[in-house]
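Asker: Next comes the structure file start_7.cif, holding mmCIF, C-alpha atoms.
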```cif
data_upload
#
loop_
_atom_site.group_PDB
_atom_site.id
_atom_site.type_symbol
_atom_site.label_atom_id
_atom_site.label_comp_id
_atom_site.auth_asym_id
_atom_site.auth_seq_id
_atom_site.Cartn_x
_atom_site.Cartn_y
_atom_site.Cartn_z
ATOM 1 C CA MET A 1 12.047 11.925 -13.314
ATOM 2 C CA THR A 2 10.815 9.021 -15.443
ATOM 3 C CA GLU A 3 7.191 8.356 -16.395
ATOM 4 C CA THR A 4 7.252 5.284 -14.148
ATOM 5 C CA GLU A 5 8.416 7.304 -11.159
ATOM 6 C CA ARG A 6 5.699 9.908 -11.852
ATOM 7 C CA LEU A 7 3.107 7.123 -11.993
ATOM 8 C CA ILE A 8 4.202 5.638 -8.680
ATOM 9 C CA ARG A 9 4.375 9.030 -6.993
ATOM 10 C CA ALA A 10 0.865 9.791 -8.285
ATOM 11 C CA TYR A 11 -0.342 6.467 -6.828
ATOM 12 C CA TYR A 12 0.979 7.295 -3.348
ATOM 13 C CA ALA A 13 -0.197 10.916 -3.581
ATOM 14 C CA ALA A 14 -3.705 9.617 -4.346
ATOM 15 C CA PHE A 15 -3.372 7.230 -1.397
ATOM 16 C CA ASN A 16 -2.461 10.101 0.920
ATOM 17 C CA ALA A 17 -5.320 12.216 -0.434
ATOM 18 C CA GLY A 18 -7.802 9.397 0.181
ATOM 19 C CA ASP A 19 -8.697 9.547 -3.519
ATOM 20 C CA ARG A 20 -9.583 5.943 -4.200
ATOM 21 C CA ALA A 21 -10.923 6.722 -7.692
ATOM 22 C CA ALA A 22 -7.552 8.232 -8.631
ATOM 23 C CA ILE A 23 -5.755 5.147 -7.296
ATOM 24 C CA LEU A 24 -7.955 2.837 -9.343
ATOM 25 C CA ALA A 25 -7.429 4.945 -12.478
ATOM 26 C CA LEU A 26 -3.676 4.277 -12.219
ATOM 27 C CA LEU A 27 -4.129 0.483 -12.204
ATOM 28 C CA THR A 28 -4.612 -2.007 -15.012
ATOM 29 C CA ASP A 29 -7.994 -3.747 -15.017
ATOM 30 C CA ASP A 30 -6.260 -7.036 -14.180
ATOM 31 C CA VAL A 31 -4.015 -5.586 -11.474
ATOM 32 C CA ILE A 32 -2.399 -8.130 -9.163
ATOM 33 C CA HIS A 33 -2.141 -7.267 -5.483
ATOM 34 C CA ASP A 34 0.186 -9.324 -3.310
ATOM 35 C CA PRO A 35 -0.307 -8.141 0.272
ATOM 36 C CA ASN A 36 2.296 -8.719 2.963
ATOM 37 C CA GLN A 37 -0.051 -11.147 4.672
ATOM 38 C CA GLY A 38 -2.883 -12.934 2.918
ATOM 39 C CA SER A 39 -3.795 -14.195 -0.481
ATOM 40 C CA ARG A 40 -3.183 -12.665 -3.883
ATOM 41 C CA ARG A 41 -6.001 -10.543 -5.259
ATOM 42 C CA THR A 42 -6.533 -10.003 -8.970
ATOM 43 C CA GLY A 43 -8.517 -7.256 -10.700
ATOM 44 C CA LYS A 44 -9.824 -3.816 -9.828
ATOM 45 C CA PRO A 45 -12.947 -5.123 -8.029
ATOM 46 C CA ALA A 46 -10.762 -7.108 -5.593
ATOM 47 C CA PHE A 47 -8.446 -4.115 -5.128
ATOM 48 C CA THR A 48 -11.466 -1.865 -4.504
ATOM 49 C CA GLU A 49 -12.679 -4.268 -1.813
ATOM 50 C CA PHE A 50 -9.213 -4.262 -0.234
ATOM 51 C CA LEU A 51 -9.155 -0.443 -0.149
ATOM 52 C CA ALA A 52 -12.582 -0.337 1.502
ATOM 53 C CA GLY A 53 -11.406 -2.725 4.214
ATOM 54 C CA MET A 54 -8.256 -0.679 4.761
ATOM 55 C CA ASP A 55 -10.244 2.552 5.014
ATOM 56 C CA ALA A 56 -12.504 1.012 7.653
ATOM 57 C CA ALA A 57 -9.688 -0.367 9.813
ATOM 58 C CA TYR A 58 -6.786 2.066 9.322
ATOM 59 C CA ALA A 59 -6.005 5.718 8.724
ATOM 60 C CA GLU A 60 -2.613 5.802 7.026
ATOM 61 C CA ARG A 61 -0.300 8.271 5.383
ATOM 62 C CA ILE A 62 2.827 7.509 3.353
ATOM 63 C CA GLU A 63 5.888 9.629 4.153
ATOM 64 C CA ASP A 64 9.545 9.742 3.085
ATOM 65 C CA LEU A 65 8.765 8.058 -0.236
ATOM 66 C CA VAL A 66 11.747 6.860 -2.273
ATOM 67 C CA VAL A 67 11.092 5.379 -5.729
ATOM 68 C CA MET A 68 13.568 3.220 -7.641
ATOM 69 C CA VAL A 69 12.948 2.247 -11.276
ATOM 70 C CA ASP A 70 14.726 -0.297 -13.453
ATOM 71 C CA SER A 71 16.191 0.692 -16.821
ATOM 72 C CA THR A 72 13.137 -0.595 -18.733
ATOM 73 C CA GLY A 73 10.612 1.351 -16.667
ATOM 74 C CA THR A 74 8.528 -1.782 -16.185
ATOM 75 C CA ARG A 75 9.667 -2.693 -12.670
ATOM 76 C CA ALA A 76 10.060 -0.483 -9.664
ATOM 77 C CA ALA A 77 10.333 -0.443 -5.921
ATOM 78 C CA ALA A 78 9.149 2.081 -3.387
ATOM 79 C CA GLU A 79 10.373 2.485 0.172
ATOM 80 C CA PHE A 80 8.466 4.604 2.659
ATOM 81 C CA ILE A 81 7.292 5.158 6.214
ATOM 82 C CA VAL A 82 3.658 4.455 7.083
ATOM 83 C CA GLN A 83 2.219 6.785 9.702
ATOM 84 C CA GLY A 84 -1.003 5.170 10.790
ATOM 85 C CA GLN A 85 -3.785 4.718 13.246
ATOM 86 C CA TYR A 86 -5.514 1.393 13.914
ATOM 87 C CA LEU A 87 -9.269 2.068 13.930
ATOM 88 C CA ARG A 88 -11.128 -1.244 13.742
ATOM 89 C CA THR A 89 -10.035 -4.686 14.941
ATOM 90 C CA GLU A 90 -9.092 -7.080 12.146
ATOM 91 C CA ASP A 91 -9.429 -10.865 12.507
ATOM 92 C CA GLY A 92 -6.393 -12.428 14.146
ATOM 93 C CA LEU A 93 -4.857 -9.073 15.114
ATOM 94 C CA PRO A 94 -4.790 -7.142 18.396
ATOM 95 C CA GLU A 95 -7.814 -5.136 19.471
ATOM 96 C CA ALA A 96 -8.035 -1.711 17.850
ATOM 97 C CA ARG A 97 -8.242 1.235 20.221
ATOM 98 C CA GLY A 98 -7.056 4.029 17.977
ATOM 99 C CA GLN A 99 -3.374 3.142 18.454
ATOM 100 C CA ARG A 100 -0.877 5.068 16.356
ATOM 101 C CA TYR A 101 2.084 3.415 14.626
ATOM 102 C CA THR A 102 5.095 4.276 12.512
ATOM 103 C CA LEU A 103 6.240 1.471 10.268
ATOM 104 C CA PRO A 104 8.904 1.200 7.573
ATOM 105 C CA ALA A 105 7.479 -0.522 4.509
ATOM 106 C CA GLY A 106 8.019 -1.029 0.828
ATOM 107 C CA ALA A 107 6.424 -2.197 -2.356
ATOM 108 C CA PHE A 108 7.462 -3.840 -5.581
ATOM 109 C CA LEU A 109 5.540 -2.707 -8.635
ATOM 110 C CA THR A 110 5.166 -3.872 -12.213
ATOM 111 C CA ILE A 111 4.193 -1.364 -14.880
ATOM 112 C CA ARG A 112 2.393 -2.170 -18.129
ATOM 113 C CA ALA A 113 1.153 0.317 -20.739
ATOM 114 C CA GLY A 114 1.547 3.261 -18.370
ATOM 115 C CA ARG A 115 -0.439 1.703 -15.540
ATOM 116 C CA ILE A 116 0.408 -0.279 -12.414
ATOM 117 C CA ALA A 117 -0.142 -3.979 -13.135
ATOM 118 C CA ARG A 118 1.130 -5.408 -9.834
ATOM 119 C CA VAL A 119 1.677 -4.140 -6.299
ATOM 120 C CA ALA A 120 3.417 -6.335 -3.721
ATOM 121 C CA THR A 121 3.608 -4.677 -0.313
ATOM 122 C CA GLN A 122 6.133 -5.665 2.361
ATOM 123 C CA TYR A 123 6.416 -4.685 6.035
ATOM 124 C CA ASN A 124 7.366 -6.223 9.361
ATOM 125 C CA LEU A 125 4.086 -7.538 10.820
ATOM 126 C CA PRO A 126 5.570 -8.461 14.230
ATOM 127 C CA GLU A 127 6.863 -4.883 14.547
ATOM 128 C CA TRP A 128 3.406 -3.505 13.755
ATOM 129 C CA VAL A 129 1.758 -5.904 16.239
ATOM 130 C CA GLY A 130 4.255 -4.813 18.885
ATOM 131 C CA GLN A 131 3.473 -1.151 18.305
ATOM 132 C CA VAL A 132 -0.318 -1.549 18.476
ATOM 133 C CA SER A 133 -0.148 -3.937 21.457
ATOM 134 C CA VAL A 134 1.459 -1.395 23.799
#
```
Rewrite the structure of this file - the entire thing - as structure tokens.
Answerer:
Amino acid sequence: MTETERLIRAYYAAFNAGDRAAILALLTDDVIHDPNQGSRRTGKPAFTEFLAGMDAAYAERIEDLVVMVDSTGTRAAAEFIVQGQYLRTEDGLPEARGQRYTLPAGAFLTIRAGRIARVATQYNLPEWVGQVSV
């Protein structure tokens, strides 16, 4: 296993453990976050704010993680299944009533100096909306 794969696996393990401090420790100070929907965020403070919003609205766990790393170790992709529960209604989305969902997702990551410098998450929003609208 490469150092990059270990880094990415540590990131998702910290996510699953709810250890937000550990997540932030794995990021560069100027980390770029490109969410599936919404505007780009830059820096740890913006990422911290994003995590707080996620924690309030969702309970999620990453399963079946597959990590792919390029030959330089500076670019990677992760594919996984999100097992989640929708806890608090978000603007423009269906009403939250504790609905559970299972959603394939992925992320593209850039690595710099042993830290994650960019995370771009991708998933099928209409599929998620369909699952929580039932």
Asker: On this file, the PyMOL selection byres ((chain A and resi 90) around 12) gives some set of residues; write that set as an mmCIF file with C-alpha atoms, keeping the file's coordinate frame.
Answerer:
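Output file expr07.cif follows:
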```
data_model
loop_
_atom_site.group_PDB
_atom_site.id
_atom_site.type_symbol
_atom_site.label_atom_id
_atom_site.label_comp_id
_atom_site.auth_asym_id
_atom_site.auth_seq_id
_atom_site.Cartn_x
_atom_site.Cartn_y
_atom_site.Cartn_z
ATOM 1 C CA GLY A 53 -11.406 -2.725 4.214
ATOM 2 C CA MET A 54 -8.256 -0.679 4.761
ATOM 3 C CA ALA A 56 -12.504 1.012 7.653
ATOM 4 C CA ALA A 57 -9.688 -0.367 9.813
ATOM 5 C CA TYR A 58 -6.786 2.066 9.322
ATOM 6 C CA TYR A 86 -5.514 1.393 13.914
ATOM 7 C CA LEU A 87 -9.269 2.068 13.930
ATOM 8 C CA ARG A 88 -11.128 -1.244 13.742
ATOM 9 C CA THR A 89 -10.035 -4.686 14.941
ATOM 10 C CA ASP A 91 -9.429 -10.865 12.507
ATOM 11 C CA GLY A 92 -6.393 -12.428 14.146
ATOM 12 C CA LEU A 93 -4.857 -9.073 15.114
ATOM 13 C CA PRO A 94 -4.790 -7.142 18.396
ATOM 14 C CA GLU A 95 -7.814 -5.136 19.471
ATOM 15 C CA ALA A 96 -8.035 -1.711 17.850
ATOM 16 C CA ARG A 97 -8.242 1.235 20.221
ATOM 17 C CA VAL A 129 1.758 -5.904 16.239
#
```
Asker: Looking at only C-alpha atoms, which of A:Glu5, A:Leu125, A:Ala52, A:Val67 is the one that sits closest to Ala21 (chain A)?
Answerer: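 Comparing A:Glu5, A:Leu125, A:Ala52, A:Val67 against Ala21 (chain A), the winner is A:Ala52.
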Asker: Take the point (-1.9, 2.7, 15.1) as written in the file and pick out every residue within 6 Å of it, counting only C-alpha atoms; give the list as a list in words.
Answerer: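 All residues meeting the 6 Å criterion around (-1.9, 2.7, 15.1) are Gly84, Gln85, Tyr86, Gln99, Arg100, Tyr101 and Val132 of chain A.
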Asker: Just so the selection is clear, what residues does the PyMOL selection byres ((chain A and resi 68) around 10) cover here, as a PyMOL selection string?
Answerer: chain A and resi 4-5+8+66-67+69-71+73+75-79+108
Asker: Those same residues, written as an mmCIF file, keeping the file's coordinate frame with C-alpha atoms?
Answerer:
```
data_model
loop_
_atom_site.group_PDB
_atom_site.id
_atom_site.type_symbol
_atom_site.label_atom_id
_atom_site.label_comp_id
_atom_site.auth_asym_id
_atom_site.auth_seq_id
_atom_site.Cartn_x
_atom_site.Cartn_y
_atom_site.Cartn_z
ATOM 1 C CA THR A 4 7.252 5.284 -14.148
ATOM 2 C CA GLU A 5 8.416 7.304 -11.159
ATOM 3 C CA ILE A 8 4.202 5.638 -8.680
ATOM 4 C CA VAL A 66 11.747 6.860 -2.273
ATOM 5 C CA VAL A 67 11.092 5.379 -5.729
ATOM 6 C CA VAL A 69 12.948 2.247 -11.276
ATOM 7 C CA ASP A 70 14.726 -0.297 -13.453
ATOM 8 C CA SER A 71 16.191 0.692 -16.821
ATOM 9 C CA GLY A 73 10.612 1.351 -16.667
ATOM 10 C CA ARG A 75 9.667 -2.693 -12.670
ATOM 11 C CA ALA A 76 10.060 -0.483 -9.664
ATOM 12 C CA ALA A 77 10.333 -0.443 -5.921
ATOM 13 C CA ALA A 78 9.149 2.081 -3.387
ATOM 14 C CA GLU A 79 10.373 2.485 0.172
ATOM 15 C CA PHE A 108 7.462 -3.840 -5.581
#
```
Asker: Report as a compact mmCIF listing (two decimals) with C-alpha atoms, in the frame of the given file the full result of the PyMOL selection byres ((chain A and resi 13) around 12) when it is applied to this structure.
Answerer:
```
# COMPACT_ATOMS: atom_id res chain seq x y z
CA ARG A 6 5.70 9.91 -11.85
CA LEU A 7 3.11 7.12 -11.99
CA ILE A 8 4.20 5.64 -8.68
CA ARG A 9 4.38 9.03 -6.99
CA ALA A 10 0.86 9.79 -8.28
CA TYR A 11 -0.34 6.47 -6.83
CA TYR A 12 0.98 7.30 -3.35
CA ALA A 14 -3.70 9.62 -4.35
CA PHE A 15 -3.37 7.23 -1.40
CA ASN A 16 -2.46 10.10 0.92
CA ALA A 17 -5.32 12.22 -0.43
CA GLY A 18 -7.80 9.40 0.18
CA ASP A 19 -8.70 9.55 -3.52
CA ARG A 20 -9.58 5.94 -4.20
CA ALA A 22 -7.55 8.23 -8.63
CA ILE A 23 -5.76 5.15 -7.30
CA LEU A 26 -3.68 4.28 -12.22
CA ARG A 61 -0.30 8.27 5.38
CA ILE A 62 2.83 7.51 3.35
CA GLU A 63 5.89 9.63 4.15
CA ASP A 64 9.54 9.74 3.08
CA LEU A 65 8.76 8.06 -0.24
```
Asker: What is the distance, in Å and to one decimal place, between CA of Arg40 (chain A) and CA of Leu24 (chain A)?
Answerer: 17.1 Å
Asker: In Å, how far is it from CA of Asn124 (chain A) to CA of Thr102 (chain A)?
Answerer: 11.2 Å
Asker: One decimal, Å: what's the distance from CA of Gly38 (chain A) over to CA of Ile111 (chain A), could you say?
Answerer: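 Calculated distance between CA of Gly38 (chain A) and CA of Ile111 (chain A) is 22.4 Å.
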Asker: Determine the nearest neighbour of Leu103 (chain A) from the options A:Gln131, A:Ala59, A:Ala117, A:Thr48, counting all atoms listed in the file.
Answerer: A:Gln131
Asker: Which one is closest to Gln37 (chain A): A:Thr121, A:Glu3, A:Glu60, A:Ala113? Count only C-alpha atoms.
Answerer: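 That would be A:Thr121, the residue with the smallest distance to Gln37 (chain A).
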